[in-house]
>>> print(open('run13.pdb').read())   # PDB, C-alpha atoms
ATOM      1  CA  MET E   1     -35.165   4.320 -38.452  1.00  0.00           C
ATOM      2  CA  LEU E   2     -34.453   1.433 -36.064  1.00  0.00           C
ATOM      3  CA  LEU E   3     -32.395  -0.410 -38.689  1.00  0.00           C
ATOM      4  CA  ILE E   4     -30.299   2.704 -39.319  1.00  0.00           C
ATOM      5  CA  THR E   5     -29.700   3.103 -35.598  1.00  0.00           C
ATOM      6  CA  LEU E   6     -28.652  -0.543 -35.192  1.00  0.00           C
ATOM      7  CA  ALA E   7     -26.341  -0.325 -38.189  1.00  0.00           C
ATOM      8  CA  PHE E   8     -24.744   2.815 -36.759  1.00  0.00           C
ATOM      9  CA  LEU E   9     -24.184   1.184 -33.357  1.00  0.00           C
ATOM     10  CA  LEU E  10     -22.677  -1.942 -34.948  1.00  0.00           C
ATOM     11  CA  ALA E  11     -20.336   0.203 -37.024  1.00  0.00           C
ATOM     12  CA  GLN E  12     -19.254   2.138 -33.951  1.00  0.00           C
ATOM     13  CA  ALA E  13     -18.595  -1.079 -32.032  1.00  0.00           C
ATOM     14  CA  ALA E  14     -16.514  -2.485 -34.875  1.00  0.00           C
ATOM     15  CA  ALA E  15     -14.434   0.651 -35.248  1.00  0.00           C
ATOM     16  CA  PRO E  16     -11.009   0.458 -33.610  1.00  0.00           C
ATOM     17  CA  ALA E  17     -10.795   2.333 -30.332  1.00  0.00           C
ATOM     18  CA  THR E  18      -8.693   5.463 -30.525  1.00  0.00           C
ATOM     19  CA  GLN E  19      -6.075   5.844 -27.821  1.00  0.00           C
ATOM     20  CA  ALA E  20      -5.421   9.112 -26.095  1.00  0.00           C
ATOM     21  CA  PRO E  21      -2.049  10.568 -27.085  1.00  0.00           C
ATOM     22  CA  ALA E  22       0.730   9.741 -24.669  1.00  0.00           C
ATOM     23  CA  PRO E  23       1.880  12.672 -22.529  1.00  0.00           C
ATOM     24  CA  ALA E  24       5.020  14.373 -23.766  1.00  0.00           C
ATOM     25  CA  PRO E  25       8.132  13.185 -21.924  1.00  0.00           C
ATOM     26  CA  PRO E  26       9.757  15.694 -19.587  1.00  0.00           C
ATOM     27  CA  LYS E  27      12.331  17.891 -21.297  1.00  0.00           C
ATOM     28  CA  GLY E  28      14.580  18.433 -18.311  1.00  0.00           C
ATOM     29  CA  PRO E  29      17.098  19.489 -17.158  1.00  0.00           C
ATOM     30  CA  PHE E  30      17.347  16.482 -14.859  1.00  0.00           C
ATOM     31  CA  VAL E  31      18.904  16.074 -11.425  1.00  0.00           C
ATOM     32  CA  THR E  32      19.537  12.893  -9.454  1.00  0.00           C
ATOM     33  CA  LEU E  33      19.612  12.733  -5.663  1.00  0.00           C
ATOM     34  CA  GLU E  34      21.468   9.697  -4.328  1.00  0.00           C
ATOM     35  CA  MET E  35      19.977   8.943  -0.920  1.00  0.00           C
ATOM     36  CA  VAL E  36      21.447   7.089   2.072  1.00  0.00           C
ATOM     37  CA  GLU E  37      20.165   6.263   5.551  1.00  0.00           C
ATOM     38  CA  ASN E  38      22.577   5.168   8.267  1.00  0.00           C
ATOM     39  CA  ARG E  39      25.223   4.661   5.548  1.00  0.00           C
ATOM     40  CA  GLN E  40      22.921   2.284   3.673  1.00  0.00           C
ATOM     41  CA  PRO E  41      21.784   3.184   0.134  1.00  0.00           C
ATOM     42  CA  LEU E  42      18.127   4.153  -0.072  1.00  0.00           C
ATOM     43  CA  GLY E  43      17.973   4.611  -3.830  1.00  0.00           C
ATOM     44  CA  THR E  44      17.979   7.503  -6.256  1.00  0.00           C
ATOM     45  CA  ILE E  45      15.369  10.203  -6.792  1.00  0.00           C
ATOM     46  CA  THR E  46      15.360  11.707 -10.289  1.00  0.00           C
ATOM     47  CA  LEU E  47      13.873  15.162 -10.794  1.00  0.00           C
ATOM     48  CA  ALA E  48      12.803  16.712 -14.085  1.00  0.00           C
ATOM     49  CA  LEU E  49      12.984  20.494 -13.797  1.00  0.00           C
ATOM     50  CA  ASP E  50      10.726  22.853 -15.733  1.00  0.00           C
ATOM     51  CA  ARG E  51      12.875  25.766 -16.861  1.00  0.00           C
ATOM     52  CA  GLU E  52      10.140  27.006 -19.211  1.00  0.00           C
ATOM     53  CA  LYS E  53       7.651  27.598 -16.374  1.00  0.00           C
ATOM     54  CA  ALA E  54      10.072  28.336 -13.524  1.00  0.00           C
ATOM     55  CA  PRO E  55      13.369  29.660 -14.957  1.00  0.00           C
ATOM     56  CA  VAL E  56      14.499  31.517 -11.830  1.00  0.00           C
ATOM     57  CA  SER E  57      13.827  28.603  -9.483  1.00  0.00           C
ATOM     58  CA  VAL E  58      15.413  26.040 -11.819  1.00  0.00           C
ATOM     59  CA  ASP E  59      18.582  28.047 -12.423  1.00  0.00           C
ATOM     60  CA  ASN E  60      18.852  28.739  -8.690  1.00  0.00           C
ATOM     61  CA  PHE E  61      18.478  25.035  -7.863  1.00  0.00           C
ATOM     62  CA  LEU E  62      21.033  24.018 -10.495  1.00  0.00           C
ATOM     63  CA  GLU E  63      23.563  26.530  -9.178  1.00  0.00           C
ATOM     64  CA  TYR E  64      23.336  24.890  -5.761  1.00  0.00           C
ATOM     65  CA  VAL E  65      23.654  21.451  -7.386  1.00  0.00           C
ATOM     66  CA  LYS E  66      26.750  22.456  -9.359  1.00  0.00           C
ATOM     67  CA  ALA E  67      28.327  24.014  -6.265  1.00  0.00           C
ATOM     68  CA  GLY E  68      27.925  20.761  -4.326  1.00  0.00           C
ATOM     69  CA  HIS E  69      25.704  22.519  -1.793  1.00  0.00           C
ATOM     70  CA  TYR E  70      23.281  19.616  -1.446  1.00  0.00           C
ATOM     71  CA  ASP E  71      25.938  16.918  -1.025  1.00  0.00           C
ATOM     72  CA  GLY E  72      25.792  15.723   2.570  1.00  0.00           C
ATOM     73  CA  THR E  73      22.622  17.646   3.448  1.00  0.00           C
ATOM     74  CA  ILE E  74      19.552  15.956   4.881  1.00  0.00           C
ATOM     75  CA  PHE E  75      15.811  15.849   4.552  1.00  0.00           C
ATOM     76  CA  HIS E  76      15.311  17.568   7.868  1.00  0.00           C
ATOM     77  CA  ARG E  77      11.506  17.781   7.859  1.00  0.00           C
ATOM     78  CA  VAL E  78       9.397  14.702   7.127  1.00  0.00           C
ATOM     79  CA  MET E  79       5.630  14.976   7.450  1.00  0.00           C
ATOM     80  CA  PRO E  80       3.707  11.880   6.279  1.00  0.00           C
ATOM     81  CA  GLY E  81       0.737  12.703   4.110  1.00  0.00           C
ATOM     82  CA  PHE E  82       2.149  16.148   3.378  1.00  0.00           C
ATOM     83  CA  MET E  83       5.744  16.570   2.192  1.00  0.00           C
ATOM     84  CA  ILE E  84       9.449  15.975   2.811  1.00  0.00           C
ATOM     85  CA  GLN E  85      11.778  18.997   2.957  1.00  0.00           C
ATOM     86  CA  GLY E  86      15.528  19.271   2.592  1.00  0.00           C
ATOM     87  CA  GLY E  87      18.420  21.140   1.081  1.00  0.00           C
ATOM     88  CA  GLY E  88      19.550  23.324   3.969  1.00  0.00           C
ATOM     89  CA  TYR E  89      20.967  21.380   6.929  1.00  0.00           C
ATOM     90  CA  THR E  90      23.792  18.987   7.719  1.00  0.00           C
ATOM     91  CA  PRO E  91      23.201  15.817   9.764  1.00  0.00           C
ATOM     92  CA  GLU E  92      24.281  17.851  12.822  1.00  0.00           C
ATOM     93  CA  MET E  93      21.415  20.284  12.090  1.00  0.00           C
ATOM     94  CA  GLU E  94      23.813  23.065  11.152  1.00  0.00           C
ATOM     95  CA  GLU E  95      22.343  25.352   8.520  1.00  0.00           C
ATOM     96  CA  LYS E  96      24.505  25.825   5.444  1.00  0.00           C
ATOM     97  CA  PRO E  97      25.185  29.321   4.079  1.00  0.00           C
ATOM     98  CA  THR E  98      23.161  30.305   1.023  1.00  0.00           C
ATOM     99  CA  ARG E  99      23.093  32.821  -1.758  1.00  0.00           C
ATOM    100  CA  PRO E 100      20.559  35.685  -1.824  1.00  0.00           C
ATOM    101  CA  ALA E 101      16.874  34.774  -1.932  1.00  0.00           C
ATOM    102  CA  ILE E 102      15.009  34.543  -5.233  1.00  0.00           C
ATOM    103  CA  ALA E 103      11.676  35.804  -6.552  1.00  0.00           C
ATOM    104  CA  ASN E 104       8.627  33.640  -5.947  1.00  0.00           C
ATOM    105  CA  GLU E 105       7.448  31.951  -9.171  1.00  0.00           C
ATOM    106  CA  ALA E 106       4.331  30.306  -7.733  1.00  0.00           C
ATOM    107  CA  LYS E 107       2.173  32.107 -10.318  1.00  0.00           C
ATOM    108  CA  ASN E 108       3.438  29.866 -13.127  1.00  0.00           C
ATOM    109  CA  GLY E 109       0.501  27.487 -13.504  1.00  0.00           C
ATOM    110  CA  LEU E 110       2.295  24.489 -11.964  1.00  0.00           C
ATOM    111  CA  ARG E 111       0.370  22.943  -9.081  1.00  0.00           C
ATOM    112  CA  ASN E 112       1.585  21.424  -5.832  1.00  0.00           C
ATOM    113  CA  SER E 113       0.494  17.923  -6.805  1.00  0.00           C
ATOM    114  CA  ARG E 114       1.879  14.605  -5.594  1.00  0.00           C
ATOM    115  CA  GLY E 115       5.434  14.091  -6.768  1.00  0.00           C
ATOM    116  CA  THR E 116       6.147  17.716  -7.624  1.00  0.00           C
ATOM    117  CA  VAL E 117       9.112  19.587  -6.173  1.00  0.00           C
ATOM    118  CA  ALA E 118       8.723  23.168  -4.939  1.00  0.00           C
ATOM    119  CA  MET E 119      10.785  25.867  -3.279  1.00  0.00           C
ATOM    120  CA  ALA E 120      10.530  26.166   0.501  1.00  0.00           C
ATOM    121  CA  ARG E 121      10.418  29.679   1.908  1.00  0.00           C
ATOM    122  CA  LEU E 122       9.694  31.823   4.951  1.00  0.00           C
ATOM    123  CA  ASN E 123       6.629  34.052   5.384  1.00  0.00           C
ATOM    124  CA  ASP E 124       8.103  36.505   2.906  1.00  0.00           C
ATOM    125  CA  PRO E 125       7.046  35.163  -0.535  1.00  0.00           C
ATOM    126  CA  ASN E 126      10.432  36.116  -1.987  1.00  0.00           C
ATOM    127  CA  SER E 127      12.599  34.393   0.628  1.00  0.00           C
ATOM    128  CA  ALA E 128      13.418  31.017  -0.980  1.00  0.00           C
ATOM    129  CA  THR E 129      17.109  30.100  -1.135  1.00  0.00           C
ATOM    130  CA  SER E 130      18.304  26.471  -1.244  1.00  0.00           C
ATOM    131  CA  GLN E 131      15.603  24.509   0.547  1.00  0.00           C
ATOM    132  CA  PHE E 132      12.973  22.583  -1.382  1.00  0.00           C
ATOM    133  CA  PHE E 133      10.243  20.052  -0.695  1.00  0.00           C
ATOM    134  CA  ILE E 134       8.611  17.129  -2.479  1.00  0.00           C
ATOM    135  CA  ASN E 135       4.834  16.836  -2.213  1.00  0.00           C
ATOM    136  CA  LEU E 136       3.600  13.479  -0.919  1.00  0.00           C
ATOM    137  CA  ARG E 137       0.009  14.226  -1.946  1.00  0.00           C
ATOM    138  CA  ASP E 138      -1.943  16.854  -3.830  1.00  0.00           C
ATOM    139  CA  ASN E 139      -1.298  19.956  -1.716  1.00  0.00           C
ATOM    140  CA  HIS E 140      -3.191  22.442  -3.857  1.00  0.00           C
ATOM    141  CA  ARG E 141      -3.778  24.710  -0.886  1.00  0.00           C
ATOM    142  CA  LEU E 142      -0.116  25.678  -1.372  1.00  0.00           C
ATOM    143  CA  ASP E 143      -0.811  26.978  -4.884  1.00  0.00           C
ATOM    144  CA  PHE E 144      -0.807  30.642  -5.804  1.00  0.00           C
ATOM    145  CA  GLY E 145      -4.148  32.293  -5.131  1.00  0.00           C
ATOM    146  CA  ILE E 146      -5.304  29.478  -2.849  1.00  0.00           C
ATOM    147  CA  GLY E 147      -2.534  29.670  -0.288  1.00  0.00           C
ATOM    148  CA  GLY E 148      -1.863  33.366  -0.713  1.00  0.00           C
ATOM    149  CA  ALA E 149       1.373  33.947  -2.606  1.00  0.00           C
ATOM    150  CA  GLY E 150       1.841  30.185  -2.893  1.00  0.00           C
ATOM    151  CA  TYR E 151       4.903  27.973  -3.145  1.00  0.00           C
ATOM    152  CA  ALA E 152       6.680  27.765  -6.483  1.00  0.00           C
ATOM    153  CA  VAL E 153       6.677  24.349  -8.148  1.00  0.00           C
ATOM    154  CA  PHE E 154       9.675  23.964 -10.444  1.00  0.00           C
ATOM    155  CA  GLY E 155       9.809  20.269 -11.290  1.00  0.00           C
ATOM    156  CA  GLN E 156       8.620  16.771 -10.603  1.00  0.00           C
ATOM    157  CA  VAL E 157       9.879  13.360  -9.533  1.00  0.00           C
ATOM    158  CA  VAL E 158      10.101  11.193 -12.648  1.00  0.00           C
ATOM    159  CA  GLU E 159      11.796   8.232 -10.999  1.00  0.00           C
ATOM    160  CA  GLY E 160      12.239   7.189  -7.387  1.00  0.00           C
ATOM    161  CA  MET E 161       8.875   8.159  -5.932  1.00  0.00           C
ATOM    162  CA  ASP E 162       9.080   4.844  -4.077  1.00  0.00           C
ATOM    163  CA  VAL E 163      12.209   6.211  -2.386  1.00  0.00           C
ATOM    164  CA  VAL E 164      10.328   9.389  -1.464  1.00  0.00           C
ATOM    165  CA  ASP E 165       7.506   7.314   0.028  1.00  0.00           C
ATOM    166  CA  ARG E 166       9.987   5.244   2.082  1.00  0.00           C
ATOM    167  CA  ILE E 167      11.519   8.451   3.446  1.00  0.00           C
ATOM    168  CA  ALA E 168       8.028   9.599   4.422  1.00  0.00           C
ATOM    169  CA  MET E 169       7.657   6.528   6.672  1.00  0.00           C
ATOM    170  CA  VAL E 170      10.752   7.016   8.847  1.00  0.00           C
ATOM    171  CA  ARG E 171      10.484   7.742  12.570  1.00  0.00           C
ATOM    172  CA  THR E 172      10.859  11.417  13.452  1.00  0.00           C
ATOM    173  CA  THR E 173      11.650  13.427  16.562  1.00  0.00           C
ATOM    174  CA  SER E 174      12.343  17.009  17.679  1.00  0.00           C
ATOM    175  CA  ARG E 175      15.844  18.451  17.682  1.00  0.00           C
ATOM    176  CA  GLY E 176      16.274  21.895  19.165  1.00  0.00           C
ATOM    177  CA  GLN E 177      13.738  24.197  17.544  1.00  0.00           C
ATOM    178  CA  HIS E 178      13.015  21.724  14.744  1.00  0.00           C
ATOM    179  CA  ASP E 179      10.141  19.236  14.687  1.00  0.00           C
ATOM    180  CA  ASP E 180       9.569  16.268  12.349  1.00  0.00           C
ATOM    181  CA  VAL E 181      13.301  15.524  12.073  1.00  0.00           C
ATOM    182  CA  PRO E 182      14.154  11.911  11.138  1.00  0.00           C
ATOM    183  CA  GLU E 183      15.725  10.044  14.071  1.00  0.00           C
ATOM    184  CA  VAL E 184      18.279   8.562  11.659  1.00  0.00           C
ATOM    185  CA  PRO E 185      19.556  11.192   9.189  1.00  0.00           C
ATOM    186  CA  ILE E 186      18.238  10.830   5.634  1.00  0.00           C
ATOM    187  CA  ILE E 187      21.188  12.146   3.657  1.00  0.00           C
ATOM    188  CA  ILE E 188      21.558  13.348   0.088  1.00  0.00           C
ATOM    189  CA  ARG E 189      24.910  11.698  -0.580  1.00  0.00           C
ATOM    190  CA  ARG E 190      25.254  13.380  -3.918  1.00  0.00           C
ATOM    191  CA  ALA E 191      23.128  15.630  -6.152  1.00  0.00           C
ATOM    192  CA  ARG E 192      24.109  15.790  -9.813  1.00  0.00           C
ATOM    193  CA  GLU E 193      22.699  17.196 -13.029  1.00  0.00           C
ATOM    194  CA  ILE E 194      22.457  14.559 -15.759  1.00  0.00           C
ATOM    195  CA  ALA E 195      22.309  15.216 -19.489  1.00  0.00           C
ATOM    196  CA  THR E 196      19.432  12.905 -20.371  1.00  0.00           C
ATOM    197  CA  TRP E 197      16.877  10.660 -18.762  1.00  0.00           C
ATOM    198  CA  ALA E 198      14.509   8.037 -20.117  1.00  0.00           C
ATOM    199  CA  PRO E 199      11.929   5.990 -18.222  1.00  0.00           C
ATOM    200  CA  LYS E 200      12.800   2.388 -17.558  1.00  0.00           C
ATOM    201  CA  PRO E 201      10.858  -0.025 -19.788  1.00  0.00           C
ATOM    202  CA  THR E 202       7.802  -1.632 -18.242  1.00  0.00           C
ATOM    203  CA  PRO E 203       6.351  -5.049 -19.233  1.00  0.00           C
ATOM    204  CA  GLU E 204       3.977  -3.160 -21.542  1.00  0.00           C
ATOM    205  CA  THR E 205       6.693  -1.120 -23.254  1.00  0.00           C
ATOM    206  CA  ALA E 206       9.656  -3.508 -23.140  1.00  0.00           C
ATOM    207  CA  PRO E 207      10.664  -4.952 -26.545  1.00  0.00           C
ATOM    208  CA  ALA E 208       9.556  -8.499 -27.178  1.00  0.00           C
ATOM    209  CA  ALA E 209      12.152 -11.198 -26.632  1.00  0.00           C
ATOM    210  CA  PRO E 210      13.464 -12.802 -29.845  1.00  0.00           C
ATOM    211  CA  PRO E 211      12.018 -16.214 -30.654  1.00  0.00           C
ATOM    212  CA  LYS E 212      13.970 -19.213 -29.497  1.00  0.00           C
ATOM    213  CA  PRO E 213      15.947 -20.959 -32.252  1.00  0.00           C
TER     214      PRO E 213
END
>>> encode(input="run13.pdb", output="structure tokens")
Amino acid sequence: MLLITLAFLLAQAAAPATQAPAPAPPKGPFVTLEMVENRQPLGTITLALDREKAPVSVDNFLEYVKAGHYDGTIFHRVMPGFMIQGGGYTPEMEEKPTRPAIANEAKNGLRNSRGTVAMARLNDPNSATSQFFINLRDNHRLDFGIGGAGYAVFGQVVEGMDVVDRIAMVRTTSRGQHDDVPEVPIIIRRAREIATWAPKPTPETAPAAPPKP
């Protein structure tokens, strides 16, 4: 019995390790946010939107993108360890006009985890218009059923989370009735839908260099 057990263990150790399947790449659609601070480029945040799980929120967001609504708006609410919120105000803290509010899609199974993007709203669950926020940490208390009606996640940051984290570190102040406003405006210079997106190669995935002659 002992010999059989040892043989089995040796066979298991010699067997090649099976790798877990790689997660499926995001399908999109994709949107890029070109960010500037004090006229200096901050970098680009790329969002992959989940139309399958949040069709109303995604189509609403894309309509604002196509209309140029987000161009020149700011991230007006920055709360380290929580989230950054934007999409509604100019650098002068003037609120931009919006289209009618949309239905809350928080009951779609997507969680408010770090790097996800969700619709901002008022106390009325169905009051979201153009404003959105990016989660800086796992904020699952904002999910449906945990935080009441919840906040609808409709996408995720697939590139530029380092830019998001830099925004989260800026100094903030109060302006009028608004708290947590960056002292220097963090501006979305341009928001655009892009046809495709692919992750940049890492040292592990980059093709090997050809041998030297």
>>> atom_distance(input="run13.pdb", atom1="CA of Gly68 (chain E)", atom2="CA of Arg114 (chain E)")
26.8 Å
>>> atom_distance(input="run13.pdb", atom1="CA of Arg192 (chain E)", atom2="CA of Thr173 (chain E)")
29.3 Å
>>> closest_residue(input="run13.pdb", among="E:Ile45, E:Gly150, E:Glu105, E:Thr90", to="Asp162 (chain E)", atoms="only C-alpha atoms")
E:Ile45
>>> resolve_selection(input="run13.pdb", expression="the PyMOL selection byres ((chain E and resi 55-66) around 10)", output="ChimeraX atom specification")
/E:29-33,48-54,67-71,87,98-106,118-119,128-132,152-155,190-193
>>> residues_near_point(input="run13.pdb", point="(22.4, 6.2, -0.9)", cutoff="12 Å", atoms="all atoms listed in the file", output="JSON, numbers by chain")
{"E": [32, 33, 34, 35, 36, 37, 38, 39, 40, 41, 42, 43, 44, 45, 71, 72, 74, 163, 167, 185, 186, 187, 188, 189, 190, 191]}
>>> resolve_selection(input="run13.pdb", expression="the PyMOL selection byres ((chain E and resi 83) around 6)", output="PyMOL selection string")
chain E and resi 79+82+84+134-136
>>> atom_distance(input="run13.pdb", atom1="CA of Ser127 (chain E)", atom2="CA of Val158 (chain E)")
26.8 Å
>>> closest_residue(input="run13.pdb", among="E:Arg171, E:Leu142, E:His76, E:Lys107", to="Tyr89 (chain E)", atoms="all atoms listed in the file")
E:His76
>>> axis_aligned_box(input="run13.pdb", around="region 159-170 of chain E", padding_each_side="5 Å", output="JSON")
{"center_x": 9.9, "center_y": 7.2, "center_z": -1.1, "size_x": 14.7, "size_y": 14.8, "size_z": 29.8}
>>> closest_residue(input="run13.pdb", among="E:Arg175, E:Asn108, E:Val164, E:Pro91", to="Asp143 (chain E)", atoms="only C-alpha atoms")
E:Asn108
>>> residues_near_point(input="run13.pdb", point="(-0.6, 23.7, -7.4)", cutoff="8 Å", atoms="only C-alpha atoms", output="ChimeraX atom specification")
/E:109-113,138-144,153
>>> write_last_selection(input="run13.pdb", atoms="C-alpha atoms", output="PDB file, in the coordinates of the input")
ATOM      1  CA  GLY E 109       0.501  27.487 -13.504  1.00  0.00           C
ATOM      2  CA  LEU E 110       2.295  24.489 -11.964  1.00  0.00           C
ATOM      3  CA  ARG E 111       0.370  22.943  -9.081  1.00  0.00           C
ATOM      4  CA  ASN E 112       1.585  21.424  -5.832  1.00  0.00           C
ATOM      5  CA  SER E 113       0.494  17.923  -6.805  1.00  0.00           C
ATOM      6  CA  ASP E 138      -1.943  16.854  -3.830  1.00  0.00           C
ATOM      7  CA  ASN E 139      -1.298  19.956  -1.716  1.00  0.00           C
ATOM      8  CA  HIS E 140      -3.191  22.442  -3.857  1.00  0.00           C
ATOM      9  CA  ARG E 141      -3.778  24.710  -0.886  1.00  0.00           C
ATOM     10  CA  LEU E 142      -0.116  25.678  -1.372  1.00  0.00           C
ATOM     11  CA  ASP E 143      -0.811  26.978  -4.884  1.00  0.00           C
ATOM     12  CA  PHE E 144      -0.807  30.642  -5.804  1.00  0.00           C
ATOM     13  CA  VAL E 153       6.677  24.349  -8.148  1.00  0.00           C
TER      14      VAL E 153
END
>>> closest_residue(input="run13.pdb", among="E:Pro199, E:Pro97, E:Pro125, E:Gly115", to="Ala149 (chain E)", atoms="all atoms listed in the file")
E:Pro125
>>> closest_residue(input="run13.pdb", among="E:Gln156, E:Glu183, E:Thr46, E:Phe75", to="Val170 (chain E)", atoms="all atoms listed in the file")
E:Glu183
>>> decode(input="run13.pdb", residues="region 34-49 of chain E", atoms="N, CA and C atoms", output="mmCIF file, in the first residue's frame")
data_model
loop_
_atom_site.group_PDB
_atom_site.id
_atom_site.type_symbol
_atom_site.label_atom_id
_atom_site.label_comp_id
_atom_site.auth_asym_id
_atom_site.auth_seq_id
_atom_site.Cartn_x
_atom_site.Cartn_y
_atom_site.Cartn_z
ATOM 1 N N GLU E 34 -8.782 61.516 -21.925
ATOM 2 C CA GLU E 34 -7.478 62.167 -21.909
ATOM 3 C C GLU E 34 -7.486 63.225 -20.813
ATOM 4 N N MET E 35 -6.610 63.056 -19.827
ATOM 5 C CA MET E 35 -6.642 63.873 -18.623
ATOM 6 C C MET E 35 -5.518 64.910 -18.611
ATOM 7 N N VAL E 36 -5.838 66.110 -18.102
ATOM 8 C CA VAL E 36 -4.832 67.157 -17.927
ATOM 9 C C VAL E 36 -5.023 67.802 -16.556
ATOM 10 N N GLU E 37 -3.916 68.301 -16.008
ATOM 11 C CA GLU E 37 -3.933 69.052 -14.760
ATOM 12 C C GLU E 37 -3.074 70.277 -14.956
ATOM 13 N N ASN E 38 -3.666 71.468 -14.759
ATOM 14 C CA ASN E 38 -2.921 72.704 -14.939
ATOM 15 C C ASN E 38 -2.241 72.740 -16.305
ATOM 16 N N ARG E 39 -2.981 72.313 -17.324
ATOM 17 C CA ARG E 39 -2.539 72.289 -18.725
ATOM 18 C C ARG E 39 -1.447 71.273 -19.005
ATOM 19 N N GLN E 40 -1.101 70.453 -18.028
ATOM 20 C CA GLN E 40 -0.082 69.431 -18.220
ATOM 21 C C GLN E 40 -0.752 68.065 -18.377
ATOM 22 N N PRO E 41 -0.338 67.277 -19.373
ATOM 23 C CA PRO E 41 -0.956 65.955 -19.555
ATOM 24 C C PRO E 41 -0.758 65.070 -18.331
ATOM 25 N N LEU E 42 -1.832 64.407 -17.939
ATOM 26 C CA LEU E 42 -1.776 63.457 -16.827
ATOM 27 C C LEU E 42 -1.728 62.015 -17.311
ATOM 28 N N GLY E 43 -2.159 61.791 -18.535
ATOM 29 C CA GLY E 43 -2.250 60.444 -19.075
ATOM 30 C C GLY E 43 -3.662 60.147 -19.528
ATOM 31 N N THR E 44 -3.861 58.932 -19.974
ATOM 32 C CA THR E 44 -5.155 58.512 -20.516
ATOM 33 C C THR E 44 -5.722 57.367 -19.701
ATOM 34 N N ILE E 45 -7.017 57.453 -19.419
ATOM 35 C CA ILE E 45 -7.749 56.385 -18.744
ATOM 36 C C ILE E 45 -8.617 55.701 -19.801
ATOM 37 N N THR E 46 -8.468 54.390 -19.937
ATOM 38 C CA THR E 46 -9.273 53.644 -20.901
ATOM 39 C C THR E 46 -10.300 52.811 -20.165
ATOM 40 N N LEU E 47 -11.554 52.952 -20.568
ATOM 41 C CA LEU E 47 -12.667 52.238 -19.951
ATOM 42 C C LEU E 47 -13.216 51.196 -20.917
ATOM 43 N N ALA E 48 -13.455 50.004 -20.407
ATOM 44 C CA ALA E 48 -14.192 48.982 -21.156
ATOM 45 C C ALA E 48 -15.600 48.932 -20.593
ATOM 46 N N LEU E 49 -16.589 49.180 -21.426
ATOM 47 C CA LEU E 49 -17.976 49.239 -20.979
ATOM 48 C C LEU E 49 -18.672 47.896 -21.209
#
